[in-house]
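The file upload39.txt comes next; it holds compact mmCIF, C-alpha atoms.
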# COMPACT_ATOMS: atom_id res chain seq x y z
CA MET A 158 72.71 72.64 102.07
CA ILE A 159 71.81 69.81 99.73
CA VAL A 160 74.74 67.41 99.89
CA TRP A 161 74.47 65.91 96.41
CA PHE A 162 74.10 69.33 94.82
CA THR A 163 77.09 70.68 96.74
CA THR A 164 79.17 67.63 95.80
CA ALA A 165 78.28 68.13 92.13
CA GLN A 166 79.10 71.82 92.43
CA VAL A 167 82.56 71.12 93.88
CA ALA A 168 83.18 68.59 91.09
CA VAL A 169 82.14 71.07 88.38
CA ALA A 170 84.33 73.81 89.90
CA VAL A 171 87.34 71.47 90.06
CA LEU A 172 86.80 70.36 86.44
CA ALA A 173 86.37 73.97 85.27
CA GLY A 174 89.51 74.92 87.19
CA LEU A 175 91.61 72.12 85.73
CA LEU A 176 90.27 72.83 82.22
CA CYS A 177 91.18 76.54 82.46
CA LEU A 178 94.61 75.78 83.93
CA ALA A 179 95.29 73.30 81.11
CA LEU A 180 94.10 75.76 78.44
CA GLY A 181 96.10 78.58 80.02
CA PHE A 182 99.34 76.65 80.30
CA ALA A 183 98.81 75.49 76.69
CA GLY A 184 98.94 79.17 75.73
CA ARG A 185 95.25 79.78 75.02
CA LYS A 186 93.79 83.20 75.58
CA PRO A 187 90.46 83.43 77.45
CA SER A 188 87.82 81.97 75.13
CA ASP A 189 84.12 81.15 75.10
CA LEU A 190 85.10 77.74 76.48
CA SER A 191 87.08 78.97 79.50
CA LEU A 192 84.76 81.90 80.24
CA GLY A 193 81.76 79.60 79.71
CA ALA A 194 83.15 77.16 82.27
CA LEU A 195 83.36 80.00 84.79
CA ALA A 196 79.84 81.08 83.87
CA VAL A 197 78.59 77.57 84.76
CA VAL A 198 80.43 77.81 88.11
CA GLU A 199 78.82 81.21 88.75
CA LEU A 200 75.32 79.94 87.84
CA LEU A 201 75.70 77.01 90.26
CA LEU A 202 76.74 79.48 92.99
CA ILE A 203 73.61 81.54 92.35
CA ALA A 204 71.56 78.31 92.56
CA GLN A 205 73.34 77.53 95.84
CA LEU A 206 72.49 81.01 97.16
CA ILE A 207 68.80 80.49 96.36
CA ALA A 208 68.90 76.98 97.86
CA ALA A 209 70.54 78.30 101.03
CA ILE A 210 67.87 80.98 101.43
CA VAL A 211 64.99 78.54 100.83
CA ALA A 212 66.41 75.50 102.68
CA PRO A 213 65.57 76.55 106.29
CA ALA A 214 61.93 77.12 105.28
CA VAL A 215 61.58 73.55 104.00
CA GLY A 216 63.18 71.81 106.97
CA ASN A 217 66.84 71.82 105.92
CA GLU A 218 68.04 73.82 108.93
CA PRO A 219 71.67 74.95 109.17
CA VAL A 220 73.33 74.45 112.56
CA GLY A 221 76.52 76.38 111.83
CA ASN A 222 77.62 80.02 111.77
CA MET A 223 75.49 81.64 109.07
CA LEU A 224 77.45 84.89 109.08
CA GLU A 225 80.55 82.91 108.13
CA PHE A 226 78.58 80.84 105.62
CA TYR A 227 77.23 83.85 103.77
CA THR A 228 80.59 85.63 103.82
CA TYR A 229 82.03 82.62 102.00
CA LEU A 230 79.10 82.50 99.58
CA VAL A 231 79.23 86.20 98.72
CA SER A 232 83.03 86.08 98.31
CA ALA A 233 82.66 83.04 96.04
CA LEU A 234 80.02 84.85 93.97
CA ILE A 235 82.42 87.77 93.43
CA LEU A 236 85.37 85.63 92.26
CA PRO A 237 84.15 84.53 88.79
CA LEU A 238 83.02 88.09 88.04
CA ALA A 239 86.41 89.52 89.03
CA ALA A 240 88.31 86.82 87.11
CA ALA A 241 86.14 87.28 84.00
CA PHE A 242 86.53 91.07 84.19
CA TRP A 243 90.30 90.57 84.33
CA ALA A 244 90.13 88.15 81.38
CA LEU A 245 88.25 90.68 79.23
CA ILE A 246 90.81 93.44 79.91
CA ASP A 247 94.02 91.40 79.84
CA ARG A 248 93.87 89.17 76.77
CA THR A 249 96.76 86.84 77.58
CA ARG A 250 97.10 83.18 78.45
CA TRP A 251 97.70 84.13 82.10
CA SER A 252 94.16 85.37 82.34
CA THR A 253 93.05 81.84 81.48
CA VAL A 254 95.27 80.51 84.28
CA ILE A 255 93.66 83.07 86.61
CA LEU A 256 90.17 81.84 85.60
CA GLY A 257 91.29 78.34 86.59
CA THR A 258 92.73 79.55 89.90
CA ALA A 259 89.43 81.27 90.73
CA ALA A 260 87.43 78.12 89.95
CA LEU A 261 89.68 75.98 92.18
CA ALA A 262 89.42 78.53 95.00
CA ILE A 263 85.62 78.35 94.67
CA ALA A 264 85.73 74.53 94.92
CA VAL A 265 87.56 74.84 98.27
CA MET A 266 85.16 77.55 99.47
CA VAL A 267 82.03 75.51 98.62
CA TYR A 268 83.50 72.49 100.43
CA ARG A 269 84.14 74.72 103.44
CA MET A 270 80.58 76.10 103.24
CA GLN A 271 79.21 72.56 103.56
CA GLU A 272 81.36 72.05 106.69
CA ILE A 273 80.13 75.33 108.19
CA TRP A 274 76.50 74.45 107.44
CA VAL A 275 76.63 71.19 109.45
CA THR A 276 79.09 72.17 112.23
CA PRO A 277 77.21 73.30 115.35
CA LEU A 278 78.15 76.65 116.86
CA GLY A 279 80.35 76.58 119.91
CA MET B 33 83.17 94.29 74.37
CA MET B 34 86.47 96.05 73.95
CA ASN B 35 88.36 96.74 70.77
CA ASN B 36 91.46 94.63 70.94
CA THR B 37 93.68 96.83 68.78
CA GLU B 38 92.84 99.78 71.00
CA THR B 39 94.25 98.10 74.09
CA ALA B 40 97.24 96.57 72.34
CA PRO B 41 99.77 99.34 73.19
CA THR B 42 99.22 98.97 76.92
CA ALA B 43 99.05 95.20 76.73
CA HIS B 44 102.50 95.00 75.15
CA PRO B 45 104.51 97.85 76.62
CA THR B 46 108.08 98.65 75.85
CA PRO B 47 110.36 98.23 78.88
CA GLU B 48 110.75 102.01 79.16
CA ALA B 49 107.04 102.72 79.38
CA GLN B 50 105.78 99.77 81.35
CA PRO B 51 102.40 100.78 82.81
CA THR B 52 102.32 98.00 85.38
CA ARG B 53 105.13 96.17 87.07
CA ILE B 54 103.69 92.73 86.64
CA SER B 55 103.45 90.88 83.37
CA GLY B 56 103.31 87.27 82.29
CA ILE B 57 102.95 84.66 84.99
CA GLY B 58 103.43 87.38 87.62
CA ARG B 59 99.81 88.32 86.96
CA VAL B 60 98.79 84.98 88.42
CA LEU B 61 100.71 85.97 91.55
CA VAL B 62 98.71 89.21 91.71
CA ALA B 63 95.45 87.28 91.23
CA VAL B 64 96.30 84.87 94.05
CA TYR B 65 97.15 87.85 96.25
CA GLY B 66 93.76 89.28 95.37
CA VAL B 67 92.03 86.03 96.36
CA LEU B 68 93.94 85.90 99.66
CA ALA B 69 93.10 89.55 100.33
CA LEU B 70 89.42 88.70 99.77
CA ALA B 71 89.69 85.61 102.01
CA ALA B 72 91.44 87.47 104.83
CA THR B 73 88.99 90.38 104.59
CA GLY B 74 86.02 87.99 104.68
CA ARG B 75 87.33 86.13 107.70
CA SER B 76 88.17 89.25 109.68
CA PHE B 77 84.73 90.65 108.80
CA VAL B 78 83.12 87.52 110.28
CA GLN B 79 85.34 87.63 113.36
CA ILE B 80 84.86 91.31 114.08
CA VAL B 81 81.12 91.43 113.41
CA GLY B 82 80.37 88.06 115.00
CA LYS B 83 82.64 87.71 118.03
CA PHE B 84 85.12 90.56 118.40
CA SER B 85 84.94 90.60 122.22
CA GLU B 86 86.13 86.98 122.42
CA ALA B 87 89.65 87.76 121.23
CA PRO B 88 90.25 91.40 120.35
CA LEU B 89 93.99 90.90 119.81
CA ALA B 90 93.69 87.96 117.39
CA TYR B 91 90.88 89.59 115.45
CA THR B 92 92.57 92.97 115.23
CA LEU B 93 95.56 91.09 113.86
CA SER B 94 93.29 89.39 111.30
CA ALA B 95 92.01 92.76 110.15
CA LEU B 96 95.56 94.14 109.95
CA ALA B 97 96.65 91.12 107.91
CA ALA B 98 93.70 91.64 105.57
CA VAL B 99 94.61 95.30 105.02
CA VAL B 100 98.24 94.39 104.32
CA TYR B 101 97.18 91.80 101.72
CA ILE B 102 95.09 94.44 100.00
CA VAL B 103 98.01 96.92 100.06
CA ALA B 104 100.36 94.24 98.68
CA THR B 105 97.92 93.42 95.86
CA VAL B 106 97.62 97.08 94.87
CA ALA B 107 101.38 97.70 95.18
CA LEU B 108 102.14 94.73 92.91
CA ILE B 109 99.82 96.12 90.24
CA ARG B 110 101.02 99.73 90.35
CA SER B 111 104.29 100.84 88.79
CA GLY B 112 106.97 103.24 89.99
CA SER B 113 109.70 102.95 92.59
CA GLY B 114 107.41 104.27 95.33
CA TRP B 115 104.95 101.41 94.87
CA TYR B 116 107.90 99.05 94.53
CA ARG B 117 109.01 100.05 98.04
CA VAL B 118 105.45 99.69 99.33
CA ALA B 119 105.31 96.18 97.86
CA TRP B 120 108.58 95.25 99.61
CA ILE B 121 107.32 96.55 102.94
CA ALA B 122 103.87 94.95 102.67
CA ILE B 123 105.13 91.55 101.53
CA GLY B 124 108.04 91.67 104.00
CA PHE B 125 105.52 92.38 106.76
CA GLU B 126 103.49 89.35 105.68
CA MET B 127 106.57 87.16 105.68
CA LEU B 128 107.47 88.37 109.17
CA GLY B 129 103.86 88.01 110.34
CA VAL B 130 103.39 84.45 109.17
CA LEU B 131 106.76 83.39 110.65
CA VAL B 132 106.34 85.14 114.03
CA ILE B 133 102.65 84.30 114.55
CA GLY B 134 103.21 80.82 113.11
CA LEU B 135 106.03 80.12 115.59
CA LEU B 136 104.14 81.67 118.53
CA SER B 137 101.01 79.65 117.77
CA VAL B 138 103.04 76.42 117.66
CA PHE B 139 105.14 77.01 120.79
CA ASP B 140 102.63 78.93 122.88
CA PRO B 141 99.10 78.08 121.70
CA GLN B 142 97.67 79.85 124.77
CA LEU B 143 98.69 83.14 123.24
CA PHE B 144 96.50 82.66 120.18
CA PRO B 145 93.55 80.46 121.15
CA HIS B 146 91.61 81.93 118.23
CA ASP B 147 92.79 81.45 114.70
CA THR B 148 94.26 84.23 112.64
CA VAL B 149 95.19 83.94 108.98
CA TRP B 150 98.80 83.38 110.11
CA SER B 151 98.21 80.80 112.89
CA TYR B 152 100.16 77.58 112.37
CA PHE B 153 101.86 79.17 109.32
CA GLY B 154 98.55 79.65 107.54
CA ARG B 155 97.38 76.06 107.91
CA GLY B 156 93.75 77.15 107.57
CA TYR B 157 94.57 78.51 104.12
CA LEU B 158 96.51 75.54 102.70
CA PHE B 159 99.77 77.27 103.76
CA ILE B 160 99.26 79.80 100.99
CA PRO B 161 100.08 82.67 103.42
CA LEU B 162 103.49 81.04 103.99
CA VAL B 163 104.31 80.33 100.34
CA LEU B 164 102.99 83.54 98.82
CA PRO B 165 105.35 86.07 100.46
CA ILE B 166 108.32 83.90 99.46
CA LEU B 167 107.16 83.97 95.82
CA GLY B 168 106.34 87.68 96.14
CA LEU B 169 109.76 88.65 97.52
CA TRP B 170 111.47 86.48 94.92
CA TRP B 171 109.46 88.17 92.19
CA LEU B 172 110.28 91.66 93.48
CA ALA B 173 114.00 90.82 93.72
CA ARG B 174 113.96 89.60 90.13
CA HIS B 175 112.06 92.60 88.79
CA ARG B 176 113.61 95.77 90.16
CA PRO B 177 112.46 98.97 88.45
CA ALA B 178 114.97 99.88 85.72
CA ARG B 179 115.42 103.38 87.12
CA ALA B 180 114.08 105.59 89.88
CA ALA B 181 110.84 107.37 89.01
Output the file's structure as structure tokens, nothing else.
Amino acid sequence: MIVWFTTAQVAVAVLAGLLCLALGFAGRKPSDLSLGALAVVELLLIAQLIAAIVAPAVGNEPVGNMLEFYTYLVSALILPLAAAFWALIDRTRWSTVILGTAALAIAVMVYRMQEIWVTPLG
Amino acid sequence: MMNNTETAPTAHPTPEAQPTRISGIGRVLVAVYGVLALAATGRSFVQIVGKFSEAPLAYTLSALAAVVYIVATVALIRSGSGWYRVAWIAIGFEMLGVLVIGLLSVFDPQLFPHDTVWSYFGRGYLFIPLVLPILGLWWLARHRPARAA
């Protein structure tokens, strides 16, 4: 993984999460702003997926458990889609809170993915 | 996407015709259960595919925990006294699991050398597995079905 990119990704996910939580607790329904924030998080995850596939070929070799790494990555990719789907069906402020919860969960998962990438098997 | 007026009747049900048990902030509880179900399923997938023979007991337990989280998530969403009972059983099982496995892993680490979702009271998951059943049981106690289905 590319450390600076991963760090930026965690920061964006945390900011998106806090933004959605704040909007949700302020009583806002899911909007272009909150859904857009999740869309940015999802796009960065797709970029991370591409980077993870390409990285070993250009000398950025993972040493950790790749099965675990990709399980985290695929789960993280599903979360914004599930949260956004929920937000489109259930038009209440709690859906905005759920968008924020998903973004914060993704921040933790990406941090964990970085640990897995650099932790040798064994 | 979807016509808002069309979905309005189900979004704001009368107490008599509530289509789902959970409304308001309880939906956040359901969403967190969903995330934990996904996390537990992912981990047990990794454990069983990658290294099942190392610790069959711990990893079978992980898979069982994952299934129970999925059942609890579904039971919280569905209405009716049957699903209400299922939710009680599933969340009660989680509460029991995290307490028993948590205590065992603290006092006899030899028994569980490999992590499960419940080891050390769910330390690997920010103690969410410990907090969530408490919130879930509290929620269920506060929101009994008005009458038997």
Which residues come within 9 Å of A:Cys177, counting only C-alpha atoms, excluding same-chain residues fewer than 2 positions away, as a PDB file with C-alpha atoms, keeping the file's coordinate frame?
ATOM      1  CA  LEU A 172      86.800  70.360  86.440  1.00  0.00           C
ATOM      2  CA  ALA A 173      86.370  73.970  85.270  1.00  0.00           C
ATOM      3  CA  GLY A 174      89.510  74.920  87.190  1.00  0.00           C
ATOM      4  CA  LEU A 175      91.610  72.120  85.730  1.00  0.00           C
ATOM      5  CA  ALA A 179      95.290  73.300  81.110  1.00  0.00           C
ATOM      6  CA  LEU A 180      94.100  75.760  78.440  1.00  0.00           C
ATOM      7  CA  GLY A 181      96.100  78.580  80.020  1.00  0.00           C
ATOM      8  CA  PHE A 182      99.340  76.650  80.300  1.00  0.00           C
ATOM      9  CA  PRO A 187      90.460  83.430  77.450  1.00  0.00           C
ATOM     10  CA  LEU A 190      85.100  77.740  76.480  1.00  0.00           C
ATOM     11  CA  SER A 191      87.080  78.970  79.500  1.00  0.00           C
ATOM     12  CA  LEU A 192      84.760  81.900  80.240  1.00  0.00           C
ATOM     13  CA  ALA A 194      83.150  77.160  82.270  1.00  0.00           C
ATOM     14  CA  LEU A 195      83.360  80.000  84.790  1.00  0.00           C
ATOM     15  CA  THR A 253      93.050  81.840  81.480  1.00  0.00           C
ATOM     16  CA  VAL A 254      95.270  80.510  84.280  1.00  0.00           C
ATOM     17  CA  ILE A 255      93.660  83.070  86.610  1.00  0.00           C
ATOM     18  CA  LEU A 256      90.170  81.840  85.600  1.00  0.00           C
ATOM     19  CA  GLY A 257      91.290  78.340  86.590  1.00  0.00           C
ATOM     20  CA  THR A 258      92.730  79.550  89.900  1.00  0.00           C
ATOM     21  CA  ALA A 260      87.430  78.120  89.950  1.00  0.00           C
TER      22      ALA A 260
END
Exercise for review: Fewer than 2 positions away in the same chain doesn't count, so skip those; otherwise give me all residues within 7 Å of B:Ser76, counting only C-alpha atoms, as an MDAnalysis selection string.
Suggested key: chainID B and resid 72:74 78:80 91 94:95
Exercise for review: Identify, on the basis of only C-alpha atoms, every residue whose closest approach to A:Val160 does not exceed 8 Å; exclude the query and any residue fewer than 3 positions from it along the same chain; express the result as JSON, numbers by chain.
Suggested key: {"A": [163, 164, 271]}
Review point. When the cut-off is 8 Å and we count all atoms listed in the file, which residues of chain B are near chain A, given as an MDAnalysis selection string?
Key: chainID B and resid 33:34 43 56:57 59:60 63:64 67 70:71 74:75 78 82
Could you write those residues out with C-alpha atoms, as an mmCIF file, in the frame of the given file?
data_model
loop_
_atom_site.group_PDB
_atom_site.id
_atom_site.type_symbol
_atom_site.label_atom_id
_atom_site.label_comp_id
_atom_site.auth_asym_id
_atom_site.auth_seq_id
_atom_site.Cartn_x
_atom_site.Cartn_y
_atom_site.Cartn_z
ATOM 1 C CA MET B 33 83.170 94.290 74.370
ATOM 2 C CA MET B 34 86.470 96.050 73.950
ATOM 3 C CA ALA B 43 99.050 95.200 76.730
ATOM 4 C CA GLY B 56 103.310 87.270 82.290
ATOM 5 C CA ILE B 57 102.950 84.660 84.990
ATOM 6 C CA ARG B 59 99.810 88.320 86.960
ATOM 7 C CA VAL B 60 98.790 84.980 88.420
ATOM 8 C CA ALA B 63 95.450 87.280 91.230
ATOM 9 C CA VAL B 64 96.300 84.870 94.050
ATOM 10 C CA VAL B 67 92.030 86.030 96.360
ATOM 11 C CA LEU B 70 89.420 88.700 99.770
ATOM 12 C CA ALA B 71 89.690 85.610 102.010
ATOM 13 C CA GLY B 74 86.020 87.990 104.680
ATOM 14 C CA ARG B 75 87.330 86.130 107.700
ATOM 15 C CA VAL B 78 83.120 87.520 110.280
ATOM 16 C CA GLY B 82 80.370 88.060 115.000
#
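Atom CA of B:Ala119 is found 8.8 Å from atom CA of B:Leu169.
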Exercise for review: Measuring atom to atom with all atoms listed in the file, identify which of A:Ile273, A:Gly221, A:Gln205, A:Leu261 is nearest to A:Trp161.
Suggested key: A:Gln205
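Computed from the coordinates, the atom CA of B:Leu162 to atom CA of B:Val149 distance equals 10.1 Å.
Closest to A:Gln166 among A:Val211, A:Ala183, A:Leu278, A:Leu201 is A:Leu201, based on only C-alpha atoms.
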Compile the contact shell of A:Leu234 as a compact mmCIF listing (two decimals) with C-alpha atoms, in the frame of the given file: residues with an atom at most 8 Å away, counting only C-alpha atoms, same-chain residues fewer than 3 positions apart removed.
# COMPACT_ATOMS: atom_id res chain seq x y z
CA GLU A 199 78.82 81.21 88.75
CA LEU A 202 76.74 79.48 92.99
CA ILE A 203 73.61 81.54 92.35
CA LEU A 230 79.10 82.50 99.58
CA VAL A 231 79.23 86.20 98.72
CA PRO A 237 84.15 84.53 88.79
CA LEU A 238 83.02 88.09 88.04
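Pairwise distance (atom CA of B:Ser137, atom CA of B:Leu96) equals 17.3 Å.
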Would you mind writing stretch 195-206 of chain A with all heavy atoms, as a PDB file, in the coordinates of the input?
ATOM      1  N   LEU A 195      83.529  79.164  83.597  1.00  0.00           N
ATOM      2  CA  LEU A 195      83.360  80.000  84.790  1.00  0.00           C
ATOM      3  C   LEU A 195      81.917  80.458  84.943  1.00  0.00           C
ATOM      4  O   LEU A 195      81.416  80.600  86.066  1.00  0.00           O
ATOM      5  CB  LEU A 195      84.303  81.211  84.708  1.00  0.00           C
ATOM      6  CG  LEU A 195      85.640  81.104  85.445  1.00  0.00           C
ATOM      7  CD1 LEU A 195      85.451  81.282  86.946  1.00  0.00           C
ATOM      8  CD2 LEU A 195      86.312  79.758  85.199  1.00  0.00           C
ATOM      9  N   ALA A 196      81.245  80.681  83.806  1.00  0.00           N
ATOM     10  CA  ALA A 196      79.840  81.080  83.870  1.00  0.00           C
ATOM     11  C   ALA A 196      79.002  79.969  84.498  1.00  0.00           C
ATOM     12  O   ALA A 196      78.102  80.233  85.304  1.00  0.00           O
ATOM     13  CB  ALA A 196      79.326  81.407  82.465  1.00  0.00           C
ATOM     14  N   VAL A 197      79.301  78.709  84.157  1.00  0.00           N
ATOM     15  CA  VAL A 197      78.590  77.570  84.760  1.00  0.00           C
ATOM     16  C   VAL A 197      78.824  77.563  86.272  1.00  0.00           C
ATOM     17  O   VAL A 197      77.890  77.393  87.069  1.00  0.00           O
ATOM     18  CB  VAL A 197      79.048  76.236  84.118  1.00  0.00           C
ATOM     19  CG1 VAL A 197      78.479  75.052  84.887  1.00  0.00           C
ATOM     20  CG2 VAL A 197      78.633  76.185  82.659  1.00  0.00           C
ATOM     21  N   VAL A 198      80.091  77.780  86.672  1.00  0.00           N
ATOM     22  CA  VAL A 198      80.430  77.810  88.110  1.00  0.00           C
ATOM     23  C   VAL A 198      79.633  78.909  88.807  1.00  0.00           C
ATOM     24  O   VAL A 198      79.076  78.708  89.891  1.00  0.00           O
ATOM     25  CB  VAL A 198      81.948  78.015  88.292  1.00  0.00           C
ATOM     26  CG1 VAL A 198      82.289  78.282  89.752  1.00  0.00           C
ATOM     27  CG2 VAL A 198      82.711  76.799  87.793  1.00  0.00           C
ATOM     28  N   GLU A 199      79.554  80.079  88.165  1.00  0.00           N
ATOM     29  CA  GLU A 199      78.820  81.210  88.750  1.00  0.00           C
ATOM     30  C   GLU A 199      77.317  80.893  88.867  1.00  0.00           C
ATOM     31  O   GLU A 199      76.693  81.175  89.895  1.00  0.00           O
ATOM     32  CB  GLU A 199      79.035  82.465  87.897  1.00  0.00           C
ATOM     33  CG  GLU A 199      78.281  83.707  88.369  1.00  0.00           C
ATOM     34  CD  GLU A 199      78.899  84.372  89.597  1.00  0.00           C
ATOM     35  OE1 GLU A 199      79.913  83.862  90.095  1.00  0.00           O
ATOM     36  OE2 GLU A 199      78.353  85.386  90.065  1.00  0.00           O
ATOM     37  N   LEU A 200      76.749  80.273  87.811  1.00  0.00           N
ATOM     38  CA  LEU A 200      75.320  79.940  87.840  1.00  0.00           C
ATOM     39  C   LEU A 200      75.014  78.959  88.984  1.00  0.00           C
ATOM     40  O   LEU A 200      74.009  79.095  89.688  1.00  0.00           O
ATOM     41  CB  LEU A 200      74.881  79.334  86.499  1.00  0.00           C
ATOM     42  CG  LEU A 200      74.701  80.330  85.356  1.00  0.00           C
ATOM     43  CD1 LEU A 200      74.381  79.606  84.055  1.00  0.00           C
ATOM     44  CD2 LEU A 200      73.591  81.327  85.694  1.00  0.00           C
ATOM     45  N   LEU A 201      75.899  77.975  89.170  1.00  0.00           N
ATOM     46  CA  LEU A 201      75.700  77.010  90.260  1.00  0.00           C
ATOM     47  C   LEU A 201      75.775  77.712  91.617  1.00  0.00           C
ATOM     48  O   LEU A 201      75.056  77.356  92.553  1.00  0.00           O
ATOM     49  CB  LEU A 201      76.738  75.888  90.178  1.00  0.00           C
ATOM     50  CG  LEU A 201      76.539  74.899  89.023  1.00  0.00           C
ATOM     51  CD1 LEU A 201      77.668  73.880  88.990  1.00  0.00           C
ATOM     52  CD2 LEU A 201      75.200  74.184  89.149  1.00  0.00           C
ATOM     53  N   LEU A 202      76.649  78.725  91.728  1.00  0.00           N
ATOM     54  CA  LEU A 202      76.740  79.480  92.990  1.00  0.00           C
ATOM     55  C   LEU A 202      75.453  80.256  93.255  1.00  0.00           C
ATOM     56  O   LEU A 202      74.989  80.331  94.399  1.00  0.00           O
ATOM     57  CB  LEU A 202      77.936  80.440  92.947  1.00  0.00           C
ATOM     58  CG  LEU A 202      79.314  79.825  93.154  1.00  0.00           C
ATOM     59  CD1 LEU A 202      80.399  80.846  92.853  1.00  0.00           C
ATOM     60  CD2 LEU A 202      79.470  79.298  94.566  1.00  0.00           C
ATOM     61  N   ILE A 203      74.875  80.816  92.180  1.00  0.00           N
ATOM     62  CA  ILE A 203      73.610  81.540  92.350  1.00  0.00           C
ATOM     63  C   ILE A 203      72.514  80.555  92.778  1.00  0.00           C
ATOM     64  O   ILE A 203      71.714  80.848  93.676  1.00  0.00           O
ATOM     65  CB  ILE A 203      73.232  82.275  91.041  1.00  0.00           C
ATOM     66  CG1 ILE A 203      74.243  83.405  90.784  1.00  0.00           C
ATOM     67  CG2 ILE A 203      71.820  82.840  91.125  1.00  0.00           C
ATOM     68  CD1 ILE A 203      74.138  84.020  89.399  1.00  0.00           C
ATOM     69  N   ALA A 204      72.518  79.356  92.167  1.00  0.00           N
ATOM     70  CA  ALA A 204      71.560  78.310  92.560  1.00  0.00           C
ATOM     71  C   ALA A 204      71.766  77.943  94.032  1.00  0.00           C
ATOM     72  O   ALA A 204      70.796  77.775  94.786  1.00  0.00           O
ATOM     73  CB  ALA A 204      71.729  77.080  91.670  1.00  0.00           C
ATOM     74  N   GLN A 205      73.024  77.861  94.438  1.00  0.00           N
ATOM     75  CA  GLN A 205      73.340  77.530  95.840  1.00  0.00           C
ATOM     76  C   GLN A 205      72.836  78.628  96.782  1.00  0.00           C
ATOM     77  O   GLN A 205      72.324  78.325  97.867  1.00  0.00           O
ATOM     78  CB  GLN A 205      74.857  77.364  95.971  1.00  0.00           C
ATOM     79  CG  GLN A 205      75.330  76.889  97.305  1.00  0.00           C
ATOM     80  CD  GLN A 205      74.908  75.463  97.597  1.00  0.00           C
ATOM     81  OE1 GLN A 205      73.944  75.214  98.292  1.00  0.00           O
ATOM     82  NE2 GLN A 205      75.650  74.511  97.036  1.00  0.00           N
ATOM     83  N   LEU A 206      72.974  79.877  96.354  1.00  0.00           N
ATOM     84  CA  LEU A 206      72.490  81.010  97.160  1.00  0.00           C
ATOM     85  C   LEU A 206      70.976  80.891  97.366  1.00  0.00           C
ATOM     86  O   LEU A 206      70.477  81.013  98.487  1.00  0.00           O
ATOM     87  CB  LEU A 206      72.843  82.330  96.474  1.00  0.00           C
ATOM     88  CG  LEU A 206      72.267  83.610  97.104  1.00  0.00           C
ATOM     89  CD1 LEU A 206      72.848  83.826  98.486  1.00  0.00           C
ATOM     90  CD2 LEU A 206      72.553  84.828  96.224  1.00  0.00           C
TER      91      LEU A 206
END
